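The structure file work.cif is reproduced below (mmCIF, C-alpha atoms).
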```cif
data_model
loop_
_atom_site.label_atom_id
_atom_site.label_comp_id
_atom_site.auth_asym_id
_atom_site.auth_seq_id
_atom_site.Cartn_x
_atom_site.Cartn_y
_atom_site.Cartn_z
CA MET A 1 71.50 43.48 5.64
CA ARG A 2 73.30 40.39 4.56
CA LYS A 3 74.19 39.69 0.93
CA PHE A 4 73.49 36.27 -0.55
CA ARG A 5 75.69 34.65 -3.08
CA LEU A 6 74.41 34.12 -6.60
CA ARG A 7 74.27 30.38 -6.18
CA THR A 8 72.06 30.75 -3.07
CA LYS A 9 69.74 33.17 -4.88
CA PHE A 10 69.48 30.76 -7.78
CA LEU A 11 68.73 27.83 -5.43
CA ILE A 12 66.07 29.82 -3.56
CA SER A 13 64.40 30.87 -6.83
CA LEU A 14 64.40 27.25 -8.09
CA LEU A 15 62.88 26.09 -4.79
CA ALA A 16 60.21 28.81 -5.00
CA ILE A 17 59.36 27.91 -8.61
CA SER A 18 59.30 24.19 -7.76
CA ALA A 19 57.07 24.78 -4.72
CA SER A 20 54.73 27.01 -6.77
CA LEU A 21 54.43 24.44 -9.56
CA THR A 22 53.82 21.65 -7.05
CA ALA A 23 51.13 23.65 -5.26
CA ALA A 24 49.45 24.61 -8.55
CA THR A 25 49.54 21.00 -9.76
CA LEU A 26 48.07 19.74 -6.49
CA PHE A 27 45.33 22.38 -6.65
CA ILE A 28 44.43 21.47 -10.25
CA VAL A 29 44.47 17.73 -9.50
CA SER A 30 42.32 18.12 -6.36
CA TYR A 31 39.85 20.36 -8.23
CA THR A 32 39.59 17.88 -11.11
CA ILE A 33 39.14 14.91 -8.78
CA GLU A 34 36.53 16.76 -6.70
CA LYS A 35 34.64 17.72 -9.86
CA ARG A 36 34.71 14.12 -11.13
CA ILE A 37 33.62 12.72 -7.75
CA ARG A 38 30.72 15.20 -7.56
CA GLY A 39 29.67 14.15 -11.08
CA ASP A 40 29.86 10.46 -10.13
CA ILE A 41 27.83 11.08 -6.98
CA ARG A 42 25.24 12.99 -9.01
CA VAL A 43 24.94 10.11 -11.50
CA ASP A 44 24.78 7.49 -8.73
CA LEU A 45 22.14 9.50 -6.90
CA GLN A 46 20.04 9.84 -10.04
CA ASN A 47 20.35 6.08 -10.65
CA SER A 48 19.28 5.42 -7.05
CA VAL A 49 16.25 7.68 -7.45
CA ASN A 50 15.28 5.96 -10.70
CA ASN A 51 15.69 2.51 -9.11
CA TYR A 52 13.59 3.57 -6.13
CA ARG A 53 10.84 4.90 -8.41
CA ARG A 54 10.89 1.68 -10.43
CA PHE A 55 10.78 -0.41 -7.26
CA GLU A 56 7.92 1.67 -5.84
CA ARG A 57 5.95 1.35 -9.08
CA GLN A 58 6.44 -2.43 -9.08
CA ARG A 59 5.44 -2.62 -5.41
CA ARG A 60 2.34 -0.52 -6.02
CA ASP A 61 1.36 -2.68 -9.02
CA ALA A 62 1.93 -5.88 -7.05
CA LEU A 63 -0.19 -4.65 -4.15
CA ALA A 64 -2.97 -3.57 -6.49
CA ARG A 65 -2.95 -6.99 -8.18
CA SER A 66 -2.91 -8.67 -4.77
CA ALA A 67 -5.96 -6.68 -3.67
CA GLN A 68 -7.77 -7.52 -6.91
CA LEU A 69 -6.92 -11.22 -6.63
CA LEU A 70 -7.99 -11.31 -3.01
CA ALA A 71 -11.31 -9.64 -3.82
CA SER A 72 -12.02 -12.07 -6.63
CA LEU A 73 -11.42 -15.28 -4.67
CA PRO A 74 -14.47 -17.58 -4.83
CA ASN A 75 -14.62 -18.08 -1.06
CA ILE A 76 -14.70 -14.32 -0.50
CA ARG A 77 -17.40 -13.87 -3.11
CA ALA A 78 -19.44 -16.63 -1.45
CA LEU A 79 -18.82 -15.11 1.97
CA MET A 80 -19.97 -11.67 0.84
CA THR A 81 -23.19 -13.04 -0.69
CA THR A 82 -24.40 -14.08 2.77
CA HIS A 83 -24.96 -10.40 3.66
CA ASP A 84 -24.58 -11.39 7.32
CA ASN A 85 -21.95 -9.25 9.06
CA ALA A 86 -21.27 -11.81 11.81
CA THR A 87 -20.65 -14.56 9.25
CA ILE A 88 -18.45 -12.29 7.15
CA GLN A 89 -16.49 -11.19 10.24
CA ASP A 90 -15.90 -14.82 11.23
CA GLY A 91 -14.93 -15.85 7.69
CA SER A 92 -12.58 -12.90 7.31
CA ALA A 93 -10.10 -14.36 9.80
CA GLU A 94 -8.75 -16.91 7.30
CA VAL A 95 -8.69 -14.36 4.48
CA TRP A 96 -6.85 -11.88 6.69
CA ARG A 97 -4.27 -14.48 7.73
CA MET A 98 -3.78 -15.48 4.09
CA SER A 99 -3.37 -11.88 2.94
CA GLY A 100 -0.64 -11.02 5.45
CA ALA A 101 -1.98 -7.47 5.62
CA ASP A 102 -2.02 -5.19 8.65
CA LEU A 103 -5.58 -4.18 7.82
CA LEU A 104 -8.39 -6.08 6.13
CA LEU A 105 -11.72 -4.41 5.60
CA MET A 106 -14.55 -6.15 3.83
CA ALA A 107 -17.48 -4.06 2.66
CA ASP A 108 -20.51 -4.61 0.49
CA ARG A 109 -21.07 -2.84 -2.83
CA SER A 110 -22.78 0.09 -1.15
CA GLY A 111 -19.70 0.71 1.02
CA ASN A 112 -21.02 -0.61 4.34
CA VAL A 113 -18.29 -2.29 6.40
CA ALA A 114 -19.08 -5.94 7.01
CA ALA A 115 -15.76 -7.06 8.56
CA LEU A 116 -12.69 -5.35 9.97
CA ARG A 117 -9.42 -6.98 11.00
CA THR A 118 -6.27 -5.16 12.13
CA LYS A 119 -2.95 -6.32 13.56
CA THR A 120 -2.96 -3.47 16.05
CA PRO A 121 -6.06 -2.48 18.00
CA GLY A 122 -7.44 1.01 17.81
CA LEU A 123 -9.16 1.37 14.46
CA SER A 124 -12.86 1.13 15.18
CA GLN A 125 -15.50 0.04 12.71
CA PRO A 126 -17.21 3.49 12.64
CA ASN A 127 -13.86 5.16 12.01
CA ALA A 128 -13.08 2.65 9.25
CA GLN A 129 -16.55 3.25 7.78
CA ALA A 130 -15.88 7.00 7.66
CA LEU A 131 -12.46 6.49 6.05
CA LEU A 132 -13.93 4.09 3.49
CA ARG A 133 -16.77 6.49 2.72
CA HIS A 134 -14.26 9.30 2.16
CA SER A 135 -12.17 7.12 -0.18
CA LEU A 136 -15.21 5.99 -2.14
CA ASP A 137 -16.59 9.52 -2.41
CA SER A 138 -13.27 10.86 -3.68
CA GLY A 139 -12.92 7.97 -6.18
CA GLU A 140 -9.60 6.77 -4.79
CA ASP A 141 -8.55 3.21 -5.53
CA ARG A 142 -5.61 3.59 -3.16
CA GLY A 143 -4.76 5.98 -0.40
CA TRP A 144 -3.64 6.52 3.14
CA TRP A 145 -5.85 6.11 6.17
CA TYR A 146 -4.98 7.29 9.65
CA GLY A 147 -6.95 5.70 12.42
CA GLY A 148 -6.37 4.37 15.90
CA GLY A 149 -2.94 5.98 16.02
CA HIS A 150 -1.72 4.09 12.93
CA LEU A 151 -1.18 4.99 9.30
CA TYR A 152 -2.39 2.45 6.72
CA GLU A 153 -1.78 2.36 2.99
CA THR A 154 -5.03 1.10 1.53
CA TRP A 155 -6.07 -0.52 -1.75
CA LEU A 156 -9.71 -0.70 -2.76
#
```
Mind turning the file's structure into structure tokens?
Amino acid sequence: MRKFRLRTKFLISLLAISASLTAATLFIVSYTIEKRIRGDIRVDLQNSVNNYRRFERQRRDALARSAQLLASLPNIRALMTTHDNATIQDGSAEVWRMSGADLLLMADRSGNVAALRTKTPGLSQPNAQALLRHSLDSGEDRGWWYGGGHLYETWL
């Protein structure tokens, strides 16, 4: 076994202490930074969730107002008073174009479908009648309808 001089032992011990302090400092700094980043991500995520909820509430309110405004238009009221499904179906084309909706269903007060317009084919009038009846029976003013292979968010 070889003997080291005192100066070499002292240098090795200083290097070991310096390396240990550096490693401990790096560990503490990385832990602190990671903890702070996780906290920032948590706060940002919570803010994103709150913004999304606010946006969804505003969207839902805007769509409900749009449905109410559309239903109260004078030309729609006049169209519905004819009680003639062929006339209502023909007149619904302009209303549907104006609404920009994927689905427009016009029904009388008793819930009988008078006109149906969709951007994609597949939803039949009997199917729409059944979906409307279910929504009216459950008292929903908004909901989701699945028909003809498509999912529709509806506002009554």
Written as a ChimeraX atom specification, which residues does the PyMOL selection byres ((chain A and resi 118-130) around 7) give for the file shown? /A:102-104,112-113,116-117,131-134,147-149
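Going from CA of Arg54 (chain A) over to CA of Leu73 (chain A), you cover 28.6 Å.
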Run the PyMOL selection byres ((chain A and resi 60-63) around 12) against the file shown and list the residues it catches, as a VMD selection string. chain A and resid 52 to 59 64 to 70 99 to 101 141 to 143 153 to 156
Those residues you just picked out, can you put them in a file as a tab-separated table (two decimals), in the frame of the given file with C-alpha atoms?
```
chain	number	residue	atom	x	y	z
A	52	TYR	CA	13.59	3.57	-6.13
A	53	ARG	CA	10.84	4.90	-8.41
A	54	ARG	CA	10.89	1.68	-10.43
A	55	PHE	CA	10.78	-0.41	-7.26
A	56	GLU	CA	7.92	1.67	-5.84
A	57	ARG	CA	5.95	1.35	-9.08
A	58	GLN	CA	6.44	-2.43	-9.08
A	59	ARG	CA	5.44	-2.62	-5.41
A	64	ALA	CA	-2.97	-3.57	-6.49
A	65	ARG	CA	-2.95	-6.99	-8.18
A	66	SER	CA	-2.91	-8.67	-4.77
A	67	ALA	CA	-5.96	-6.68	-3.67
A	68	GLN	CA	-7.77	-7.52	-6.91
A	69	LEU	CA	-6.92	-11.22	-6.63
A	70	LEU	CA	-7.99	-11.31	-3.01
A	99	SER	CA	-3.37	-11.88	2.94
A	100	GLY	CA	-0.64	-11.02	5.45
A	101	ALA	CA	-1.98	-7.47	5.62
A	141	ASP	CA	-8.55	3.21	-5.53
A	142	ARG	CA	-5.61	3.59	-3.16
A	143	GLY	CA	-4.76	5.98	-0.40
A	153	GLU	CA	-1.78	2.36	2.99
A	154	THR	CA	-5.03	1.10	1.53
A	155	TRP	CA	-6.07	-0.52	-1.75
A	156	LEU	CA	-9.71	-0.70	-2.76
```
Would you place a box with edges along x, y and z of the file around all atoms of region 86-93 of chain A listed there, add 5 Å to each of its six sides, and report the centre and edge lengths in Å to one decimal, as JSON?
```
{"center_x": -15.7, "center_y": -13.5, "center_z": 9.5, "size_x": 21.2, "size_y": 14.7, "size_z": 14.7}
```
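Between Ala115 (chain A) and the residues A:Val95, A:Ile88, A:Leu6, A:Asp137, the shortest atom-to-atom distance, using only C-alpha atoms, involves A:Ile88.
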Using all atoms listed in the file, find the one residue out of A:Asn50, A:Pro74, A:Ala114, A:Ile33 that sits nearest to Ala86 (chain A).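 Under the stated criterion, the closest residue is A:Ala114.
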CA of Ile76 (chain A) and CA of Ala107 (chain A) are how many Å apart? 11.1 Å
Expressed in Å to a single decimal, how great is the separation between CA of Ser138 (chain A) and CA of Ser72 (chain A)? 23.2 Å
For Ala71 (chain A), which of A:Arg42, A:Arg36, A:Lys3, A:Arg109 is the closest residue, counting all atoms listed in the file?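 Nearest candidate to Ala71 (chain A) out of A:Arg42, A:Arg36, A:Lys3, A:Arg109: A:Arg109.
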